[in-house]
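Q: For reference, this is final.cif, and it has mmCIF, C-alpha atoms.
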```cif
data_start
loop_
_atom_site.label_atom_id
_atom_site.label_comp_id
_atom_site.auth_asym_id
_atom_site.auth_seq_id
_atom_site.Cartn_x
_atom_site.Cartn_y
_atom_site.Cartn_z
CA MET P 22 67.85 41.48 126.67
CA SER P 23 66.69 39.41 123.73
CA LYS P 24 65.86 41.08 120.46
CA THR P 25 62.19 41.52 119.64
CA PHE P 26 61.46 40.65 116.02
CA PRO P 27 59.11 43.08 114.25
CA ARG P 28 56.31 40.59 113.55
CA ARG P 29 54.08 43.24 111.98
CA GLU P 30 56.79 44.24 109.52
CA PHE P 31 57.27 40.60 108.54
CA LEU P 32 53.56 40.19 107.94
CA LYS P 33 53.52 43.36 105.85
CA SER P 34 56.43 42.17 103.72
CA THR P 35 54.80 38.76 103.27
CA ALA P 36 51.53 40.38 102.28
CA ALA P 37 53.33 42.64 99.83
CA MET P 38 54.99 39.63 98.22
CA GLY P 39 51.60 38.00 97.83
CA ALA P 40 50.16 41.17 96.33
CA GLY P 41 53.00 41.21 93.84
CA ALA P 42 52.09 37.68 92.81
CA LEU P 43 48.47 38.69 92.29
CA ALA P 44 49.58 41.61 90.18
CA MET P 45 51.10 39.27 87.60
CA PRO P 46 49.04 39.15 84.42
CA ALA P 47 46.32 36.53 84.43
CA PHE P 48 47.16 33.30 82.65
CA VAL P 49 45.02 32.56 79.62
CA SER P 50 43.83 28.97 79.85
CA ARG P 51 44.02 28.17 76.15
CA ALA P 52 47.43 27.43 74.67
CA TRP P 53 48.89 30.33 72.74
CA ALA P 54 50.56 29.23 69.54
CA ALA P 55 51.68 32.49 68.01
CA SER P 56 55.12 33.75 67.05
CA ASP P 57 54.98 36.51 69.68
CA GLN P 58 53.88 34.37 72.66
CA LEU P 59 55.50 32.15 75.27
CA ASN P 60 53.60 30.30 78.01
CA ILE P 61 55.41 29.64 81.29
CA TRP P 62 54.49 27.97 84.56
CA ALA P 63 56.82 29.26 87.26
CA TYR P 64 57.24 29.81 90.97
CA ASN P 65 57.08 33.34 92.29
CA GLY P 66 60.40 35.13 91.74
CA PHE P 67 61.69 32.90 88.97
CA VAL P 68 60.88 35.50 86.32
CA THR P 69 61.47 38.90 87.87
CA GLU P 70 59.50 41.93 86.72
CA GLU P 71 62.68 43.68 85.60
CA PHE P 72 63.77 40.75 83.42
CA ARG P 73 60.27 40.23 82.09
CA ASN P 74 59.88 43.84 81.00
CA ARG P 75 63.30 43.93 79.37
CA PHE P 76 62.84 40.62 77.57
CA GLU P 77 59.39 41.51 76.23
CA LYS P 78 60.65 44.89 75.00
CA GLU P 79 63.78 43.54 73.32
CA SER P 80 62.29 40.35 71.88
CA GLY P 81 58.72 41.36 71.12
CA ILE P 82 57.62 38.11 72.76
CA ARG P 83 54.80 38.29 75.28
CA LEU P 84 55.27 36.12 78.38
CA ASN P 85 52.06 34.52 79.66
CA ILE P 86 53.02 33.43 83.18
CA ARG P 87 51.02 31.20 85.44
CA LEU P 88 52.28 31.09 89.02
CA VAL P 89 52.39 27.59 90.49
CA SER P 90 52.90 26.47 94.07
CA ASP P 91 54.30 22.93 93.91
CA GLN P 92 55.37 20.04 91.71
CA GLY P 93 52.18 18.06 92.17
CA GLU P 94 50.08 20.92 90.85
CA GLN P 95 52.08 21.11 87.63
CA PHE P 96 52.18 17.33 87.19
CA ASN P 97 48.43 16.99 87.59
CA LEU P 98 47.72 19.86 85.21
CA LEU P 99 49.94 18.34 82.51
CA ALA P 100 48.35 14.93 83.04
CA ALA P 101 44.88 16.44 82.62
CA GLU P 102 45.90 18.15 79.38
CA ASN P 103 46.93 14.78 77.94
CA GLY P 104 49.63 16.01 75.58
CA ASN P 105 47.83 19.13 74.37
CA PHE P 106 49.79 21.28 76.76
CA SER P 107 48.76 24.88 77.40
CA THR P 108 52.30 25.81 78.41
CA ASP P 109 55.69 25.71 76.76
CA ILE P 110 57.86 25.78 79.87
CA VAL P 111 57.40 24.33 83.35
CA CYS P 112 59.48 24.72 86.50
CA CYS P 113 60.66 21.35 87.77
CA ALA P 114 62.54 20.58 90.96
CA GLY P 115 65.50 18.25 90.64
CA HIS P 116 64.19 15.79 93.20
CA ARG P 117 60.95 15.24 91.25
CA PHE P 118 61.68 16.03 87.60
CA TYR P 119 62.14 12.33 86.79
CA GLN P 120 58.37 11.95 87.22
CA PHE P 121 57.78 14.47 84.42
CA VAL P 122 60.36 12.74 82.21
CA ASP P 123 58.95 9.26 82.81
CA ALA P 124 55.42 10.51 82.11
CA SER P 125 56.61 11.86 78.71
CA PHE P 126 55.69 15.43 79.65
CA LEU P 127 59.09 16.90 78.74
CA GLU P 128 61.49 16.90 75.85
CA PRO P 129 65.30 16.90 76.11
CA VAL P 130 67.07 20.25 76.10
CA ASP P 131 69.19 20.91 73.03
CA THR P 132 72.11 22.78 74.59
CA SER P 133 73.43 23.66 71.13
CA ARG P 134 70.52 26.11 70.90
CA LEU P 135 71.63 27.86 74.10
CA SER P 136 74.67 30.00 73.36
CA ASN P 137 74.86 30.95 77.04
CA TRP P 138 74.81 27.41 78.44
CA SER P 139 78.45 27.94 79.44
CA GLN P 140 77.29 30.59 81.93
CA ILE P 141 75.99 27.81 84.20
CA GLU P 142 78.48 26.69 86.84
CA THR P 143 80.15 23.53 85.54
CA GLU P 144 79.27 21.44 88.59
CA TYR P 145 75.59 22.09 87.89
CA ALA P 146 75.63 22.05 84.08
CA GLU P 147 77.35 18.64 84.03
CA ALA P 148 75.67 17.14 87.08
CA ASP P 149 74.13 13.68 86.88
CA TRP P 150 70.82 14.97 88.21
CA VAL P 151 70.32 17.13 85.11
CA SER P 152 70.25 13.98 82.98
CA ARG P 153 68.15 10.87 82.65
CA GLY P 154 68.59 8.17 80.07
CA GLY P 155 71.67 9.90 78.68
CA GLN P 156 69.86 13.16 77.83
CA ARG P 157 69.56 16.54 79.55
CA TRP P 158 66.06 17.51 80.53
CA GLY P 159 66.28 20.98 82.01
CA VAL P 160 68.17 24.22 82.55
CA PRO P 161 69.35 24.48 86.19
CA LEU P 162 68.84 27.98 87.55
CA LEU P 163 68.57 27.94 91.34
CA ILE P 164 70.03 25.61 93.94
CA ALA P 165 67.99 24.70 97.01
CA SER P 166 69.37 22.98 100.08
CA MET P 167 67.47 21.41 102.96
CA GLY P 168 68.79 21.86 106.47
CA LEU P 169 67.94 22.83 110.02
CA LEU P 170 66.36 26.20 110.83
CA TYR P 171 66.42 27.20 114.49
CA ASN P 172 65.67 30.19 116.70
CA THR P 173 69.02 31.52 117.97
CA GLU P 174 67.40 32.95 121.10
CA THR P 175 66.53 29.38 122.11
CA PHE P 176 69.36 27.33 120.59
CA THR P 177 73.01 28.11 119.90
CA ASP P 178 75.50 26.39 117.61
CA THR P 179 73.17 23.53 116.79
CA ASP P 180 75.09 21.15 114.53
CA SER P 181 72.96 18.01 114.68
CA TRP P 182 69.47 16.83 113.85
CA ALA P 183 69.26 15.31 117.34
CA PRO P 184 67.25 18.23 118.86
CA MET P 185 64.46 17.43 116.37
CA PHE P 186 63.94 14.14 118.22
CA ALA P 187 64.53 15.29 121.82
CA GLU P 188 61.75 15.12 124.42
CA GLU P 189 62.69 18.51 125.88
CA ASN P 190 61.74 20.16 122.58
CA LYS P 191 58.24 18.71 122.45
CA GLY P 192 55.77 21.03 120.75
CA ARG P 193 58.47 23.27 119.25
CA ILE P 194 59.28 21.15 116.19
CA ALA P 195 57.94 21.21 112.61
CA TYR P 196 58.80 19.50 109.36
CA GLN P 197 57.42 18.35 106.00
CA ILE P 198 57.15 14.57 106.24
CA GLN P 199 58.17 13.59 102.70
CA ASP P 200 61.05 16.08 102.59
CA PHE P 201 62.30 15.26 106.08
CA PHE P 202 62.04 11.49 105.66
CA PRO P 203 65.37 11.00 103.77
CA ILE P 204 67.07 13.14 106.43
CA ALA P 205 65.66 10.89 109.14
CA MET P 206 66.86 7.84 107.19
CA ASP P 207 70.39 9.26 107.06
CA TYR P 208 70.23 10.17 110.76
CA LEU P 209 69.38 6.56 111.61
CA GLY P 210 72.26 5.23 109.49
CA PHE P 211 70.27 4.28 106.40
CA ASP P 212 70.71 5.75 102.91
CA GLY P 213 68.03 8.35 102.21
CA SER P 214 69.12 8.62 98.58
CA ALA P 215 68.67 4.83 98.19
CA ALA P 216 71.84 4.68 96.08
CA ARG P 217 72.95 1.69 98.20
CA TYR P 218 69.61 -0.01 97.59
CA ARG P 219 69.50 0.20 93.83
CA GLY P 220 68.15 -3.06 92.50
CA ASN P 221 67.21 -4.22 95.99
CA THR P 222 63.79 -2.84 96.83
CA ASP P 223 63.34 -5.22 99.77
CA VAL P 224 66.31 -3.69 101.61
CA ALA P 225 65.05 -0.20 100.84
CA GLN P 226 61.60 -1.14 102.12
CA ARG P 227 63.04 -2.33 105.43
CA ALA P 228 64.96 0.94 105.83
CA VAL P 229 61.83 2.96 105.06
CA ASP P 230 59.72 0.88 107.46
CA ALA P 231 62.23 1.34 110.29
CA THR P 232 62.35 5.09 109.69
CA ARG P 233 58.56 5.27 109.53
CA ASP P 234 58.26 3.50 112.87
CA PHE P 235 60.87 5.82 114.41
CA LEU P 236 59.01 8.93 113.21
CA ILE P 237 55.68 7.57 114.42
CA GLY P 238 57.26 7.13 117.85
CA LYS P 239 58.46 10.75 117.74
CA LYS P 240 55.21 12.13 116.37
CA PRO P 241 54.02 13.50 119.77
CA LEU P 242 57.00 15.89 119.73
CA VAL P 243 55.91 17.59 116.49
CA ARG P 244 53.88 20.80 116.64
CA ARG P 245 52.87 20.56 113.00
CA PHE P 246 53.63 18.83 109.73
CA TYR P 247 53.74 21.93 107.58
CA ASP P 248 53.18 22.36 103.84
CA SER P 249 54.84 25.58 102.67
CA GLY P 250 57.83 27.79 103.33
CA THR P 251 55.55 30.67 104.29
CA GLU P 252 53.93 28.46 106.91
CA VAL P 253 57.21 27.57 108.62
CA GLN P 254 58.27 31.23 108.56
CA GLN P 255 55.05 32.31 110.24
CA MET P 256 55.26 29.58 112.89
CA MET P 257 58.75 30.82 113.74
CA VAL P 258 57.62 34.43 113.90
CA ASN P 259 54.63 33.56 116.09
CA GLY P 260 56.84 31.59 118.48
CA ASP P 261 54.93 28.38 117.78
CA ILE P 262 58.15 26.51 116.98
CA ALA P 263 61.88 26.92 117.50
CA LEU P 264 63.20 24.08 115.31
CA ALA P 265 62.30 23.05 111.79
CA GLN P 266 63.51 21.20 108.78
CA SER P 267 63.50 23.91 106.14
CA TRP P 268 64.47 24.57 102.57
CA SER P 269 67.08 27.28 102.25
CA GLY P 270 64.82 29.75 100.45
CA ALA P 271 62.33 30.10 103.31
CA ALA P 272 65.11 30.14 105.90
CA SER P 273 67.26 32.79 104.22
CA LYS P 274 64.39 35.18 103.58
CA LEU P 275 63.33 34.91 107.23
CA ILE P 276 66.87 35.64 108.44
CA LEU P 277 67.40 38.52 105.99
CA ASP P 278 64.14 40.04 107.26
CA GLY P 279 65.81 40.27 110.67
CA PHE P 280 64.39 37.29 112.57
CA PRO P 281 66.85 35.82 115.14
CA ALA P 282 67.42 32.48 113.44
CA SER P 283 70.16 30.45 111.87
CA TYR P 284 70.21 27.86 109.09
CA THR P 285 72.75 25.05 108.96
CA ILE P 286 73.48 21.70 107.39
CA PRO P 287 73.93 19.41 110.43
CA LYS P 288 76.81 16.96 110.68
CA GLU P 289 74.52 14.04 109.78
CA GLY P 290 73.88 15.69 106.43
CA GLY P 291 71.35 17.61 104.38
CA TRP P 292 69.86 17.52 100.92
CA ALA P 293 70.07 19.59 97.77
CA PHE P 294 68.52 19.84 94.34
CA ALA P 295 68.20 22.37 91.54
CA TYR P 296 65.15 24.22 90.35
CA GLY P 297 65.13 24.85 86.66
CA PHE P 298 63.02 25.44 83.59
CA ASN P 299 62.03 22.52 81.38
CA ILE P 300 60.46 22.47 77.92
CA VAL P 301 57.29 20.45 77.52
CA ARG P 302 56.92 17.85 74.82
CA GLY P 303 55.48 19.35 71.66
CA ALA P 304 55.91 22.93 72.89
CA LYS P 305 53.92 25.17 70.55
CA ASN P 306 56.36 28.07 70.90
CA LEU P 307 59.62 26.13 70.92
CA ASP P 308 61.83 28.77 69.29
CA ASN P 309 60.61 31.39 71.75
CA ALA P 310 61.29 28.98 74.62
CA TYR P 311 64.95 28.68 73.65
CA ARG P 312 65.24 32.42 73.15
CA PHE P 313 63.81 33.02 76.63
CA LEU P 314 66.05 30.45 78.31
CA ASP P 315 69.16 31.80 76.59
CA ALA P 316 68.30 35.32 77.73
CA LEU P 317 67.91 34.10 81.33
CA LEU P 318 71.43 32.68 81.21
CA ALA P 319 72.95 35.73 79.57
CA SER P 320 74.25 37.56 82.64
CA PRO P 321 74.89 37.08 86.36
CA GLU P 322 72.64 40.08 87.04
CA ASN P 323 69.66 37.87 86.21
CA GLY P 324 70.95 35.27 88.64
CA ALA P 325 71.42 37.82 91.43
CA ALA P 326 67.90 39.16 90.97
CA MET P 327 66.45 35.66 91.19
CA VAL P 328 68.49 34.99 94.34
CA ARG P 329 67.05 38.07 96.02
CA GLU P 330 63.51 37.14 95.00
CA THR P 331 63.66 33.49 96.06
CA GLY P 332 66.40 33.14 98.68
CA TYR P 333 68.03 30.30 96.74
CA ILE P 334 71.58 30.12 95.38
CA SER P 335 72.06 30.86 91.69
CA ALA P 336 73.50 28.27 89.34
CA LEU P 337 74.95 31.05 87.15
CA LYS P 338 78.60 32.09 87.21
CA GLY P 339 79.52 35.42 88.79
CA THR P 340 76.33 35.85 90.79
CA GLU P 341 77.87 35.75 94.25
CA ALA P 342 80.03 38.84 93.56
CA LEU P 343 76.90 40.92 92.91
CA LEU P 344 75.39 40.27 96.35
CA SER P 345 76.02 42.20 99.55
CA ASP P 346 78.19 40.80 102.35
CA GLU P 347 75.05 40.15 104.42
CA GLU P 348 73.35 38.33 101.54
CA ARG P 349 76.40 36.16 100.91
CA LYS P 350 76.70 35.31 104.61
CA VAL P 351 73.09 34.11 104.75
CA LEU P 352 72.65 32.62 101.30
CA PHE P 353 75.91 30.79 100.68
CA LEU P 354 77.06 27.70 102.57
CA SER P 355 80.64 27.15 103.71
CA PRO P 356 82.63 24.46 101.87
CA GLU P 357 82.29 22.25 104.97
CA HIS P 358 78.50 22.51 105.05
CA ARG P 359 78.23 22.22 101.29
CA GLY P 360 80.19 18.98 101.52
CA ARG P 361 77.51 17.57 103.83
CA LEU P 362 74.83 17.78 101.16
CA THR P 363 73.44 14.78 99.32
CA TRP P 364 72.07 15.35 95.84
CA VAL P 365 68.96 13.46 94.82
CA ASN P 366 69.80 10.37 92.78
CA VAL P 367 67.43 10.51 89.81
CA GLU P 368 67.89 6.82 89.03
CA THR P 369 66.84 5.62 92.50
CA ALA P 370 64.36 8.42 93.23
CA PRO P 371 61.45 6.77 91.36
CA PHE P 372 61.23 3.80 93.70
CA ILE P 373 62.42 5.37 96.97
CA PHE P 374 60.01 8.30 96.75
CA ASP P 375 57.13 5.94 96.11
CA LEU P 376 58.03 4.09 99.31
CA ILE P 377 58.44 7.36 101.23
CA ASP P 378 55.12 8.75 100.01
CA LYS P 379 53.33 5.65 101.30
CA ALA P 380 55.18 5.81 104.62
CA ALA P 381 54.28 9.49 105.00
CA GLU P 382 50.60 8.69 104.75
CA GLU P 383 51.03 5.99 107.38
CA ILE P 384 52.71 8.49 109.70
CA ARG P 385 49.86 10.97 109.26
CA ALA P 386 47.30 8.29 109.96
CA ALA P 387 49.09 6.89 113.03
#
```
Using the file provided, produce a representation of the structure as structure tokens.

A:
Amino acid sequence: MSKTFPRREFLKSTAAMGAGALAMPAFVSRAWAASDQLNIWAYNGFVTEEFRNRFEKESGIRLNIRLVSDQGEQFNLLAAENGNFSTDIVCCAGHRFYQFVDASFLEPVDTSRLSNWSQIETEYAEADWVSRGGQRWGVPLLIASMGLLYNTETFTDTDSWAPMFAEENKGRIAYQIQDFFPIAMDYLGFDGSAARYRGNTDVAQRAVDATRDFLIGKKPLVRRFYDSGTEVQQMMVNGDIALAQSWSGAASKLILDGFPASYTIPKEGGWAFAYGFNIVRGAKNLDNAYRFLDALLASPENGAAMVRETGYISALKGTEALLSDEERKVLFLSPEHRGRLTWVNVETAPFIFDLIDKAAEEIRAA
């Protein structure tokens, strides 16, 4: 007999998480520029209550936190503030941070002011995607991967993206168009990172156009183009879908809550990037920003707490050992699956994402 997932318990836990977000202190719209203040825009779970309370007590610095939901929201807010930024720190995703750099919203990170920089795993601290123009622009904290989430009561040992395009799965499929588009490009034999197309936009455009046409042809199979991790979780719980492109955070939290699902990086590949904190240009509380970031890096306990809150992998050394066997099984990828990941190329991302964004709108309109 198949296992029945406790839908009500999932809804209660989701509601509780939302209530916790609402309980965070209200963000004051004007920019604080005092020695005992620090303004932060962050996703839920990136600054845990335990860390916040300890940091404020030990440092005497008050954290004014505004919860944000996506990269576009932060970008548009910074653009509207036109250099007179009301925050000191923003939370940028590695696949989009180049937009903030190119718009002159950020300033390079001076790693000499972070005594705990060495606590970041070397492969992340020295990664190309942390840099642009020869300078480092952020502090990597959490690693997100994008793979296939599927209901294990419907599918078993799925190791390919092929079921996402199969007629027999019509109406049980969901994905985010922009995020899934590079995966579809790779599946079709193109280069979703566009590294092969650098300096040759015409070739990239042809690859994007072919992928767009393929996805338009498969559009009748899709139940919904979703927007958020919570949305894909709920569709799974409700039985609306059985297959989805998903970021690892949403997938792992669903599985750890007991839902019969699995998350994998299919043989055709997946994607990865880092979430981190970035300092805005002209930050009014710059010294406090470095003190906060250094404290975040100080111990793997901080990393483990962030992993449990977000479902993402920590970039800090020693974090994995602090998690339970069940958490490690769900949250950490095998070396084989990790080797299937493609990291966003920050030098080609500016032009390929522009092409993908346009193609996504064409898919929606088709």

Q: Just checking: using only C-alpha atoms, which residue out of P:Gln156, P:Ser166, P:Thr179, P:Gln199 ends up closest to Ala295 (chain P)?

A: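 Among the listed residues, the smallest separation from Ala295 (chain P) belongs to P:Ser166.
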
Q: What residues come out when you apply the PyMOL selection byres ((chain P and resi 238-252) around 10) to this file, written as a PyMOL selection string?

A: chain P and resi 35+90-91+185-199+232-237+253-258+261-262+264-272+274-275+384-385+387

Q: Give me, as JSON, numbers by chain, all polymer residues having an atom no more than 9 Å from region 316-329 of chain P, counting all atoms listed in the file and skipping those fewer than 5 positions away in the same chain.

A: {"P": [66, 67, 68, 69, 71, 72, 76, 135, 136, 137, 138, 139, 140, 141, 162, 163, 270, 274, 311, 334, 335, 336, 337, 338, 339, 340, 341, 342, 343, 344, 348, 352]}

Q: Mind checking which residues fall within 10 Å of region 206-213 of chain P, counting all atoms listed in the file, ignoring those fewer than 2 positions away in the same chain, and posting them as a PyMOL selection string?

A: chain P and resi 181-183+201-204+215-218+225+227-233+235-236+287-292+363+365-366+370+373-374+377

Q: For the selection you just gave me, I'd like the residues written to a file as a PDB file, in the frame of the given file, keeping C-alpha atoms.

A:
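Saved result, again.pdb, follows:
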```pdb
ATOM      1  CA  SER P 181      72.960  18.010 114.680  1.00  0.00           C
ATOM      2  CA  TRP P 182      69.470  16.830 113.850  1.00  0.00           C
ATOM      3  CA  ALA P 183      69.260  15.310 117.340  1.00  0.00           C
ATOM      4  CA  PHE P 201      62.300  15.260 106.080  1.00  0.00           C
ATOM      5  CA  PHE P 202      62.040  11.490 105.660  1.00  0.00           C
ATOM      6  CA  PRO P 203      65.370  11.000 103.770  1.00  0.00           C
ATOM      7  CA  ILE P 204      67.070  13.140 106.430  1.00  0.00           C
ATOM      8  CA  ALA P 215      68.670   4.830  98.190  1.00  0.00           C
ATOM      9  CA  ALA P 216      71.840   4.680  96.080  1.00  0.00           C
ATOM     10  CA  ARG P 217      72.950   1.690  98.200  1.00  0.00           C
ATOM     11  CA  TYR P 218      69.610  -0.010  97.590  1.00  0.00           C
ATOM     12  CA  ALA P 225      65.050  -0.200 100.840  1.00  0.00           C
ATOM     13  CA  ARG P 227      63.040  -2.330 105.430  1.00  0.00           C
ATOM     14  CA  ALA P 228      64.960   0.940 105.830  1.00  0.00           C
ATOM     15  CA  VAL P 229      61.830   2.960 105.060  1.00  0.00           C
ATOM     16  CA  ASP P 230      59.720   0.880 107.460  1.00  0.00           C
ATOM     17  CA  ALA P 231      62.230   1.340 110.290  1.00  0.00           C
ATOM     18  CA  THR P 232      62.350   5.090 109.690  1.00  0.00           C
ATOM     19  CA  ARG P 233      58.560   5.270 109.530  1.00  0.00           C
ATOM     20  CA  PHE P 235      60.870   5.820 114.410  1.00  0.00           C
ATOM     21  CA  LEU P 236      59.010   8.930 113.210  1.00  0.00           C
ATOM     22  CA  PRO P 287      73.930  19.410 110.430  1.00  0.00           C
ATOM     23  CA  LYS P 288      76.810  16.960 110.680  1.00  0.00           C
ATOM     24  CA  GLU P 289      74.520  14.040 109.780  1.00  0.00           C
ATOM     25  CA  GLY P 290      73.880  15.690 106.430  1.00  0.00           C
ATOM     26  CA  GLY P 291      71.350  17.610 104.380  1.00  0.00           C
ATOM     27  CA  TRP P 292      69.860  17.520 100.920  1.00  0.00           C
ATOM     28  CA  THR P 363      73.440  14.780  99.320  1.00  0.00           C
ATOM     29  CA  VAL P 365      68.960  13.460  94.820  1.00  0.00           C
ATOM     30  CA  ASN P 366      69.800  10.370  92.780  1.00  0.00           C
ATOM     31  CA  ALA P 370      64.360   8.420  93.230  1.00  0.00           C
ATOM     32  CA  ILE P 373      62.420   5.370  96.970  1.00  0.00           C
ATOM     33  CA  PHE P 374      60.010   8.300  96.750  1.00  0.00           C
ATOM     34  CA  ILE P 377      58.440   7.360 101.230  1.00  0.00           C
TER      35      ILE P 377
END
```

Q: Using all atoms listed in the file, can you tell me which of P:Asn60, P:Ser107, P:Gln120, P:Asn65 comes closest to Gly93 (chain P)?

A: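 For Gly93 (chain P), the nearest of the given residues is P:Gln120.
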
Q: Which is closest to Lys350 (chain P) among P:Leu307, P:Thr285, P:Val130, P:Phe298, if we use only C-alpha atoms?

A: P:Thr285

Q: Hey, can you check how far CA of Ser345 (chain P) sits from CA of Leu170 (chain P)?

A: 21.8 Å

Q: So what do you get for CA of Gly279 (chain P) versus CA of Met167 (chain P), distance-wise?

A: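 It comes out at 20.4 Å.
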
Q: Please determine, counting all atoms listed in the file, which residue among P:Tyr171, P:Phe280, P:Tyr296, P:Trp150 has the shortest atom-to-atom distance to Cys112 (chain P).

A: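 Nearest to Cys112 (chain P): P:Tyr296.
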
Q: If I take CA of Ile110 (chain P) and CA of Trp62 (chain P), how far is one from the other in Å, to one decimal?

A: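 So the answer is 6.2 Å.
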
Q: Can you find the residues with an atom no farther than 6 Å from (52.2, 17.8, 78.6), counting all atoms listed in the file, and report them as a list in words?

A: Leu99, Gly104, Phe106, Phe126 and Val301 of chain P

Q: Mind completing region 65-71 of chain P with all heavy atoms? Output as a PDB file, keeping the file's coordinate frame, please?

A:
```pdb
ATOM      1  N   ASN P  65      56.911  31.912  92.087  1.00  0.00           N
ATOM      2  CA  ASN P  65      57.080  33.340  92.290  1.00  0.00           C
ATOM      3  C   ASN P  65      58.575  33.678  92.412  1.00  0.00           C
ATOM      4  O   ASN P  65      59.316  33.028  93.145  1.00  0.00           O
ATOM      5  CB  ASN P  65      56.345  33.771  93.572  1.00  0.00           C
ATOM      6  CG  ASN P  65      56.253  35.274  93.695  1.00  0.00           C
ATOM      7  OD1 ASN P  65      56.143  35.987  92.707  1.00  0.00           O
ATOM      8  ND2 ASN P  65      56.306  35.764  94.917  1.00  0.00           N
ATOM      9  N   GLY P  66      59.025  34.692  91.674  1.00  0.00           N
ATOM     10  CA  GLY P  66      60.400  35.130  91.740  1.00  0.00           C
ATOM     11  C   GLY P  66      61.316  34.531  90.705  1.00  0.00           C
ATOM     12  O   GLY P  66      62.458  34.966  90.552  1.00  0.00           O
ATOM     13  N   PHE P  67      60.836  33.522  89.960  1.00  0.00           N
ATOM     14  CA  PHE P  67      61.690  32.900  88.970  1.00  0.00           C
ATOM     15  C   PHE P  67      61.794  33.721  87.684  1.00  0.00           C
ATOM     16  O   PHE P  67      62.755  33.574  86.933  1.00  0.00           O
ATOM     17  CB  PHE P  67      61.203  31.476  88.646  1.00  0.00           C
ATOM     18  CG  PHE P  67      61.639  30.458  89.659  1.00  0.00           C
ATOM     19  CD1 PHE P  67      61.285  30.595  90.998  1.00  0.00           C
ATOM     20  CD2 PHE P  67      62.401  29.373  89.288  1.00  0.00           C
ATOM     21  CE1 PHE P  67      61.681  29.665  91.946  1.00  0.00           C
ATOM     22  CE2 PHE P  67      62.803  28.430  90.224  1.00  0.00           C
ATOM     23  CZ  PHE P  67      62.450  28.580  91.552  1.00  0.00           C
ATOM     24  N   VAL P  68      60.803  34.538  87.431  1.00  0.00           N
ATOM     25  CA  VAL P  68      60.880  35.500  86.320  1.00  0.00           C
ATOM     26  C   VAL P  68      60.606  36.864  86.951  1.00  0.00           C
ATOM     27  O   VAL P  68      59.456  37.199  87.245  1.00  0.00           O
ATOM     28  CB  VAL P  68      59.844  35.203  85.220  1.00  0.00           C
ATOM     29  CG1 VAL P  68      60.010  36.197  84.068  1.00  0.00           C
ATOM     30  CG2 VAL P  68      59.985  33.774  84.712  1.00  0.00           C
ATOM     31  N   THR P  69      61.643  37.630  87.194  1.00  0.00           N
ATOM     32  CA  THR P  69      61.470  38.900  87.870  1.00  0.00           C
ATOM     33  C   THR P  69      60.810  39.909  86.930  1.00  0.00           C
ATOM     34  O   THR P  69      60.889  39.783  85.699  1.00  0.00           O
ATOM     35  CB  THR P  69      62.816  39.467  88.346  1.00  0.00           C
ATOM     36  OG1 THR P  69      63.629  39.784  87.196  1.00  0.00           O
ATOM     37  CG2 THR P  69      63.554  38.448  89.219  1.00  0.00           C
ATOM     38  N   GLU P  70      60.170  40.900  87.519  1.00  0.00           N
ATOM     39  CA  GLU P  70      59.500  41.930  86.720  1.00  0.00           C
ATOM     40  C   GLU P  70      60.490  42.668  85.829  1.00  0.00           C
ATOM     41  O   GLU P  70      60.200  42.983  84.670  1.00  0.00           O
ATOM     42  CB  GLU P  70      58.758  42.896  87.637  1.00  0.00           C
ATOM     43  CG  GLU P  70      57.410  42.390  88.115  1.00  0.00           C
ATOM     44  CD  GLU P  70      56.440  42.168  86.964  1.00  0.00           C
ATOM     45  OE1 GLU P  70      56.041  43.154  86.300  1.00  0.00           O
ATOM     46  OE2 GLU P  70      56.089  40.999  86.722  1.00  0.00           O
ATOM     47  N   GLU P  71      61.677  42.958  86.378  1.00  0.00           N
ATOM     48  CA  GLU P  71      62.680  43.680  85.600  1.00  0.00           C
ATOM     49  C   GLU P  71      63.094  42.880  84.371  1.00  0.00           C
ATOM     50  O   GLU P  71      63.165  43.407  83.248  1.00  0.00           O
ATOM     51  CB  GLU P  71      63.908  43.973  86.462  1.00  0.00           C
ATOM     52  CG  GLU P  71      65.013  44.709  85.719  1.00  0.00           C
ATOM     53  CD  GLU P  71      66.241  44.952  86.579  1.00  0.00           C
ATOM     54  OE1 GLU P  71      66.224  44.567  87.770  1.00  0.00           O
ATOM     55  OE2 GLU P  71      67.221  45.519  86.055  1.00  0.00           O
TER      56      GLU P  71
END
```
